[in-house]
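Chemist: Please find work_33.txt (compact mmCIF, C-alpha atoms and all ligand atoms) on the next line:
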```txt
# COMPACT_ATOMS: atom_id res chain seq x y z
CA MET A 1 1.78 1.98 -1.83
CA ARG A 2 -1.90 2.72 -2.04
CA ILE A 3 -4.45 1.67 0.57
CA LEU A 4 -8.24 1.68 0.62
CA ILE A 5 -10.06 2.12 3.94
CA VAL A 6 -13.70 0.98 4.04
CA GLU A 7 -15.10 2.07 7.42
CA ASP A 8 -18.36 3.86 8.16
CA ASP A 9 -17.18 5.32 11.48
CA ILE A 10 -16.07 8.70 10.18
CA ASN A 11 -13.67 9.44 13.02
CA LEU A 12 -12.05 6.03 12.89
CA ASN A 13 -11.77 6.24 9.10
CA ARG A 14 -10.08 9.63 9.36
CA GLN A 15 -7.77 8.51 12.15
CA LEU A 16 -6.60 5.50 10.13
CA ALA A 17 -6.22 7.59 6.96
CA GLU A 18 -4.07 10.17 8.75
CA ALA A 19 -1.83 7.55 10.34
CA LEU A 20 -1.34 5.77 7.01
CA LYS A 21 -0.57 9.00 5.15
CA GLU A 22 1.89 9.92 7.88
CA ALA A 23 3.58 6.55 7.28
CA GLY A 24 4.01 7.34 3.56
CA TYR A 25 0.98 5.59 2.02
CA VAL A 26 -1.53 7.00 -0.42
CA VAL A 27 -5.04 6.54 0.93
CA ASP A 28 -8.55 6.36 -0.54
CA THR A 29 -11.54 6.16 1.77
CA ALA A 30 -15.05 4.73 1.48
CA PHE A 31 -17.83 4.90 4.06
CA ASP A 32 -20.22 2.15 2.99
CA GLY A 33 -20.00 -1.32 1.47
CA GLU A 34 -21.23 -0.32 -1.95
CA GLU A 35 -18.69 2.44 -2.52
CA GLY A 36 -15.98 0.28 -0.94
CA HIS A 37 -16.78 -2.65 -3.19
CA PHE A 38 -16.72 -0.43 -6.27
CA LEU A 39 -13.34 1.12 -5.46
CA GLY A 40 -11.76 -2.22 -4.55
CA ASP A 41 -13.10 -3.65 -7.79
CA THR A 42 -11.84 -0.88 -10.06
CA GLU A 43 -8.68 0.56 -8.48
CA PRO A 44 -5.39 -1.27 -7.93
CA TYR A 45 -4.72 -1.17 -4.17
CA ASP A 46 -1.73 -2.66 -2.39
CA ALA A 47 -3.92 -3.48 0.62
CA ILE A 48 -7.46 -2.85 1.86
CA ILE A 49 -8.71 -2.24 5.40
CA LEU A 50 -12.31 -3.46 5.52
CA ASP A 51 -14.79 -3.08 8.37
CA ILE A 52 -17.31 -5.92 8.73
CA GLY A 53 -20.30 -3.87 9.93
CA LEU A 54 -21.02 -1.50 7.03
CA PRO A 55 -24.13 0.21 5.63
CA GLU A 56 -25.49 -0.90 2.23
CA VAL A 57 -23.42 -4.08 1.88
CA ASP A 58 -21.63 -5.76 4.81
CA GLY A 59 -17.89 -6.31 4.78
CA ILE A 60 -18.01 -10.11 4.45
CA THR A 61 -20.21 -9.85 1.34
CA VAL A 62 -17.91 -7.20 -0.16
CA LEU A 63 -14.93 -9.45 0.44
CA GLU A 64 -16.68 -12.49 -1.06
CA LYS A 65 -17.50 -10.48 -4.17
CA TRP A 66 -13.89 -9.36 -4.62
CA ARG A 67 -12.55 -12.88 -4.12
CA GLY A 68 -15.23 -14.28 -6.41
CA ALA A 69 -14.06 -11.85 -9.10
CA GLY A 70 -10.47 -13.06 -8.65
CA ARG A 71 -9.15 -10.03 -6.74
CA THR A 72 -6.16 -11.13 -4.68
CA VAL A 73 -5.41 -7.80 -2.94
CA PRO A 74 -4.44 -8.32 0.74
CA VAL A 75 -7.41 -7.52 3.00
CA LEU A 76 -7.25 -6.67 6.71
CA LEU A 77 -10.64 -6.99 8.39
CA LEU A 78 -11.80 -4.85 11.27
CA THR A 79 -13.98 -6.96 13.54
CA ALA A 80 -16.01 -6.31 16.67
CA ARG A 81 -14.32 -7.54 19.83
CA ASP A 82 -15.25 -11.05 20.98
CA ARG A 83 -17.14 -11.86 17.81
CA TRP A 84 -15.15 -14.98 17.03
CA SER A 85 -17.74 -16.03 14.47
CA ASP A 86 -17.01 -12.84 12.47
CA LYS A 87 -13.32 -13.69 12.41
CA VAL A 88 -14.02 -17.21 11.17
CA ALA A 89 -16.46 -15.96 8.52
CA GLY A 90 -13.95 -13.29 7.46
CA ILE A 91 -11.06 -15.69 7.07
CA ASP A 92 -13.28 -18.16 5.22
CA ALA A 93 -14.38 -15.33 2.91
CA GLY A 94 -10.74 -14.66 2.02
CA ALA A 95 -9.41 -12.14 4.56
CA ASP A 96 -5.65 -12.22 5.08
CA ASP A 97 -5.69 -10.89 8.62
CA TYR A 98 -7.95 -9.14 11.10
CA VAL A 99 -7.79 -6.66 13.98
CA ALA A 100 -10.48 -6.56 16.67
CA LYS A 101 -11.90 -3.22 17.77
CA PRO A 102 -10.89 -1.28 19.74
CA PHE A 103 -7.32 -1.39 18.46
CA HIS A 104 -4.19 0.71 18.52
CA VAL A 105 -3.49 2.34 15.16
CA GLU A 106 0.11 1.10 15.45
CA GLU A 107 -1.16 -2.48 15.31
CA VAL A 108 -3.08 -1.79 12.10
CA LEU A 109 0.02 -0.16 10.59
CA ALA A 110 2.19 -3.14 11.52
CA ARG A 111 -0.29 -5.63 10.05
CA ILE A 112 -0.65 -3.60 6.84
CA ARG A 113 3.13 -3.42 6.43
CA ALA A 114 3.36 -7.19 6.89
CA LEU A 115 0.52 -7.89 4.42
CA ILE A 116 2.05 -5.68 1.71
CA ARG A 117 5.50 -7.13 2.24
CA ARG A 118 4.34 -10.72 2.16
CA ALA A 119 2.20 -10.11 -0.92
CA ALA A 120 5.37 -8.91 -2.67
CA GLY A 121 7.31 -11.92 -1.37
CA HIS A 122 9.40 -10.21 1.33
CA ALA A 123 9.62 -11.83 4.75
CA SER A 124 11.44 -9.12 6.70
CA SER A 125 10.53 -5.49 7.32
CA GLU A 126 13.71 -4.33 5.60
CA ILE A 127 14.00 -4.69 1.83
CA VAL A 128 17.54 -4.68 0.48
CA CYS A 129 18.71 -4.04 -3.06
CA GLY A 130 22.50 -3.82 -3.33
CA PRO A 131 23.56 -0.77 -1.27
CA VAL A 132 19.96 0.46 -0.86
CA ARG A 133 17.96 -0.48 2.22
CA LEU A 134 14.31 0.37 2.69
CA ASP A 135 13.01 0.16 6.25
CA THR A 136 9.25 -0.27 5.85
CA LYS A 137 8.80 0.21 9.60
CA SER A 138 10.25 3.71 9.80
CA SER A 139 9.50 4.60 6.14
CA LYS A 140 13.16 5.49 5.66
CA ALA A 141 15.81 4.47 3.19
CA THR A 142 19.59 4.40 3.23
CA VAL A 143 22.33 4.01 0.63
CA ASP A 144 25.54 2.43 1.97
CA GLY A 145 24.18 3.15 5.46
CA LYS A 146 23.69 6.86 4.76
CA PRO A 147 20.12 8.15 5.17
CA LEU A 148 18.34 9.37 2.04
CA LYS A 149 16.35 12.57 2.43
CA LEU A 150 13.30 11.94 0.28
CA THR A 151 10.08 13.83 -0.35
CA SER A 152 6.88 11.85 0.13
CA HIS A 153 6.58 11.26 -3.63
CA GLU A 154 10.17 10.11 -3.93
CA TYR A 155 9.68 7.77 -0.98
CA ARG A 156 6.52 6.27 -2.50
CA LEU A 157 8.31 5.73 -5.79
CA LEU A 158 11.30 4.06 -4.16
CA ALA A 159 9.08 1.98 -1.87
CA TYR A 160 7.04 0.66 -4.78
CA LEU A 161 10.11 -0.18 -6.86
CA MET A 162 11.81 -1.84 -3.88
CA HIS A 163 8.76 -3.98 -3.07
CA HIS A 164 8.87 -5.09 -6.72
CA LYS A 165 12.64 -5.21 -7.14
CA GLY A 166 13.83 -7.10 -10.18
CA GLU A 167 10.47 -6.56 -11.92
CA VAL A 168 9.71 -4.04 -14.65
CA VAL A 169 7.13 -1.58 -13.37
CA SER A 170 5.29 0.58 -15.89
CA ARG A 171 4.74 4.30 -15.47
CA THR A 172 0.99 3.76 -15.37
CA GLU A 173 1.38 1.25 -12.56
CA LEU A 174 3.58 3.68 -10.62
CA VAL A 175 1.06 6.47 -11.06
CA GLU A 176 -1.76 4.22 -9.88
CA HIS A 177 0.11 3.26 -6.72
CA MET A 178 1.57 6.69 -5.89
CA TYR A 179 -1.51 8.90 -6.11
CA ASP A 180 -5.02 8.72 -4.68
CA GLN A 181 -8.15 8.66 -6.84
CA ASP A 182 -8.69 12.43 -6.62
CA PHE A 183 -5.22 13.39 -7.72
CA ASP A 184 -4.72 14.90 -11.15
CA ARG A 185 -2.42 12.18 -12.42
CA ASP A 186 0.24 12.76 -14.99
CA SER A 187 2.57 9.90 -15.81
CA ASN A 188 5.18 12.34 -17.17
CA THR A 189 5.94 13.48 -13.64
CA ILE A 190 7.17 9.95 -12.87
CA GLU A 191 10.19 10.54 -15.09
CA VAL A 192 11.01 13.68 -13.11
CA PHE A 193 10.74 11.81 -9.80
CA VAL A 194 12.89 8.96 -11.10
CA GLY A 195 15.52 11.52 -12.15
CA ARG A 196 15.54 13.12 -8.70
CA LEU A 197 15.63 9.79 -6.95
CA ARG A 198 18.60 8.60 -9.02
CA LYS A 199 20.45 11.79 -8.21
CA LYS A 200 19.80 11.52 -4.48
CA MET A 201 20.72 7.84 -4.39
CA GLY A 202 23.97 8.47 -6.25
CA VAL A 203 24.04 4.84 -7.41
CA ASP A 204 22.77 3.65 -10.74
CA LEU A 205 20.26 1.00 -9.70
CA ILE A 206 17.06 2.22 -11.37
CA GLU A 207 17.12 1.07 -14.94
CA THR A 208 14.87 2.55 -17.64
CA VAL A 209 13.38 -0.26 -19.68
CA ARG A 210 12.54 1.44 -22.94
CA GLY A 211 8.86 1.49 -23.74
CA LEU A 212 8.02 -0.56 -20.64
CA GLY A 213 8.96 1.30 -17.49
CA TYR A 214 11.52 1.05 -14.71
CA ARG A 215 13.25 -1.65 -12.74
CA ILE A 216 15.34 -1.50 -9.62
CA GLN A 217 17.93 -4.21 -9.51
CA ALA A 218 21.05 -4.88 -7.52
CA PRO A 219 24.29 -5.19 -9.47
CA THR A 220 25.21 -8.86 -10.05
CA ASN A 221 27.11 -10.46 -7.13
CA ALA A 222 24.94 -8.51 -4.70
CA ASN A 223 21.49 -9.41 -3.42
CA CA A 301 -18.93 -0.25 11.21
```
Transcribe the structure of this file into C-alpha cells.
Modeler:
Amino acid sequence: MRILIVEDDINLNRQLAEALKEAGYVVDTAFDGEEGHFLGDTEPYDAIILDIGLPEVDGITVLEKWRGAGRTVPVLLLTARDRWSDKVAGIDAGADDYVAKPFHVEEVLARIRALIRRAAGHASSEIVCGPVRLDTKSSKATVDGKPLKLTSHEYRLLAYLMHHKGEVVSRTELVEHMYDQDFDRDSNTIEVFVGRLRKKMGVDLIETVRGLGYRIQAPTNAN
C-alpha cells in the first residue's frame, strides 16, 4: 500500500512518513501544494494525507482539482484545531476524513487503515482469505493461525493482494503500490516475491493468471 503525505511542516512530514513505513506502507512525500497535486495526479496512491495550509497551492484547492479530474483516492485532511469551517470546506471538497492538529500519529494510522480498507470494500481490520488472515492493525499475517514471517516486501505484496482478493492484479500495479517513486522498479522481481510468499504460506492460494497478473482467492466453500 502506497501513501502520499503532503505537509509543509518538515518534522511532522518526516514523523508521519516514519510511522507509516514502520507500519509496512510505502511512502512518498511532498512539501507544497504544487508538488503534492502533481504526485497525486500522476501516481497511483492507496491513500493521501493532505494538509490544508500549504505553500503554493492550499490543500482544499489541491483536493478540488483531484476530485474535478475524477481521482477517487481516499484523502485524509490535516486541519488546524478548532477551524470547523476548514473541516466543512474539506469534506465538501471531497475529503474522506480529517484529523485536527495536534494529533497522535496512532490516530492518523488508524484512520488511514480504515480509509484503505473501506476503499477496497472491507469493513473489518482483519481480511480473511481461506486459511490466510491479514491483520491490518498489527501488519501481521497468519496461515491456519500460525504467524507468517515476512520481509517488508513480502508483506506489502500479500497486503495488496489481500485488499484486492478475488481480483486479478497486474505486475505493473503491484510494482506501483509496493515501491516509492524513487525506487528503481523492476516488475520481474514481483515474480520472485510471489514465489517466496507462496513457499512461506505453504498453501496454494495465489494464482498466476497468464499474461494478466496474480489473484489471491480462497478455495471454493471457504470465504
Ligand atoms: Ca501547513
Chemist: Report the closest atom pair, with its distance in Å rounded to one decimal, for each residue of chain A that has an atom no farther than 6 Å from ligand CA 301 (chain A); count only C-alpha atoms and all ligand atoms, sort by chain and then rising residue number, and write it as a Markdown table.
Modeler:
```
| residue | atom | partner | partner_atom | distance |
| --- | --- | --- | --- | --- |
| A:Glu7 | CA | A:CA301 | CA | 5.9 |
| A:Asp8 | CA | A:CA301 | CA | 5.1 |
| A:Asp9 | CA | A:CA301 | CA | 5.8 |
| A:Asp51 | CA | A:CA301 | CA | 5.8 |
| A:Gly53 | CA | A:CA301 | CA | 4.1 |
| A:Leu54 | CA | A:CA301 | CA | 4.8 |
```
Chemist: List every protein, DNA or RNA residue with an atom no more than 12 Å from (3.8, -5.2, 5.5) in the file's coordinates, counting all atoms listed in the file, and format the result as a PyMOL selection string.
Modeler: chain A and resi 1+3+23+25+46-47+74-76+96-97+107-127+135-139+159+163
Chemist: What's the separation between atom CA of His37 of chain A and atom CA of Leu16 of chain A, in Å to one decimal place?
Modeler: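 These atoms are spaced 18.6 Å apart.
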Chemist: Using all atoms listed in the file, which protein or nucleic acid residues come within 12 Å of segment 201-212 of chain A? Drop anything in the same chain fewer than 2 positions from it, and give the result as a PyMOL selection string.
Modeler: chain A and resi 128-133+141-150+154-155+157-158+161-162+164-174+190-191+193-199+214-220+222
Chemist: Expressed in Å to a single decimal, how great is the separation between atom CA of Val62 of chain A and atom CA of Thr79 of chain A?
Modeler: 14.3 Å
Chemist: For the atom pair atom CA of Arg2 of chain A and atom CA of His177 of chain A, what is the interatomic distance in Å to one decimal place?
Modeler: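 Computed distance, atom CA of Arg2 of chain A to atom CA of His177 of chain A, equals 5.1 Å.
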Chemist: Have a look at A:Trp84, A:Phe183, A:Phe31, A:Tyr45 and name the one nearest to Arg71 of chain A; count all atoms listed in the file.
Modeler: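 When distances to Arg71 of chain A are compared using all atoms listed in the file, the smallest one comes from A:Tyr45.
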Chemist: Counting all atoms listed in the file, which residue out of A:Arg81, A:His104, A:Lys21, A:Lys65 sits closest to His153 of chain A?
Modeler: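 Residue with the minimum atom-to-atom distance to His153 of chain A: A:Lys21.
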Chemist: Which is closest to Trp66 of chain A among A:Ala17, A:Leu78, A:Ala30, A:Leu50, if we use only C-alpha atoms?
Modeler: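 The closest residue to Trp66 of chain A is A:Leu50.
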Chemist: Pick out the closest residue to Glu34 of chain A from this set: A:Val57, A:Ile52, A:Ala80, A:Leu12. Count all atoms listed in the file.
Modeler: A:Val57
Chemist: Which residue out of A:Ile48, A:Ala19, A:Leu63, A:Asp180 has the minimum interatomic distance to Gly33 of chain A when all atoms listed in the file are used?
Modeler: A:Leu63
Chemist: Nearest to Arg14 of chain A: which of A:Leu134, A:Val99, A:Ser85, A:Val105 is it, counting all atoms listed in the file?
Modeler: A:Val105
Chemist: At most 8 Å from (-11.3, -5.5, -5.7), file frame, all atoms listed in the file: which residues, as a PDB file with C-alpha atoms, in the coordinates of the input?
Modeler:
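Okay, this is what ended up in selection-v4.pdb:
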```
ATOM      1  CA  HIS A  37     -16.780  -2.650  -3.190  1.00  0.00           C
ATOM      2  CA  PHE A  38     -16.720  -0.430  -6.270  1.00  0.00           C
ATOM      3  CA  LEU A  39     -13.340   1.120  -5.460  1.00  0.00           C
ATOM      4  CA  GLY A  40     -11.760  -2.220  -4.550  1.00  0.00           C
ATOM      5  CA  ASP A  41     -13.100  -3.650  -7.790  1.00  0.00           C
ATOM      6  CA  THR A  42     -11.840  -0.880 -10.060  1.00  0.00           C
ATOM      7  CA  GLU A  43      -8.680   0.560  -8.480  1.00  0.00           C
ATOM      8  CA  PRO A  44      -5.390  -1.270  -7.930  1.00  0.00           C
ATOM      9  CA  TRP A  66     -13.890  -9.360  -4.620  1.00  0.00           C
ATOM     10  CA  ARG A  67     -12.550 -12.880  -4.120  1.00  0.00           C
ATOM     11  CA  ALA A  69     -14.060 -11.850  -9.100  1.00  0.00           C
ATOM     12  CA  ARG A  71      -9.150 -10.030  -6.740  1.00  0.00           C
ATOM     13  CA  THR A  72      -6.160 -11.130  -4.680  1.00  0.00           C
ATOM     14  CA  VAL A  73      -5.410  -7.800  -2.940  1.00  0.00           C
TER      15      VAL A  73
END
```
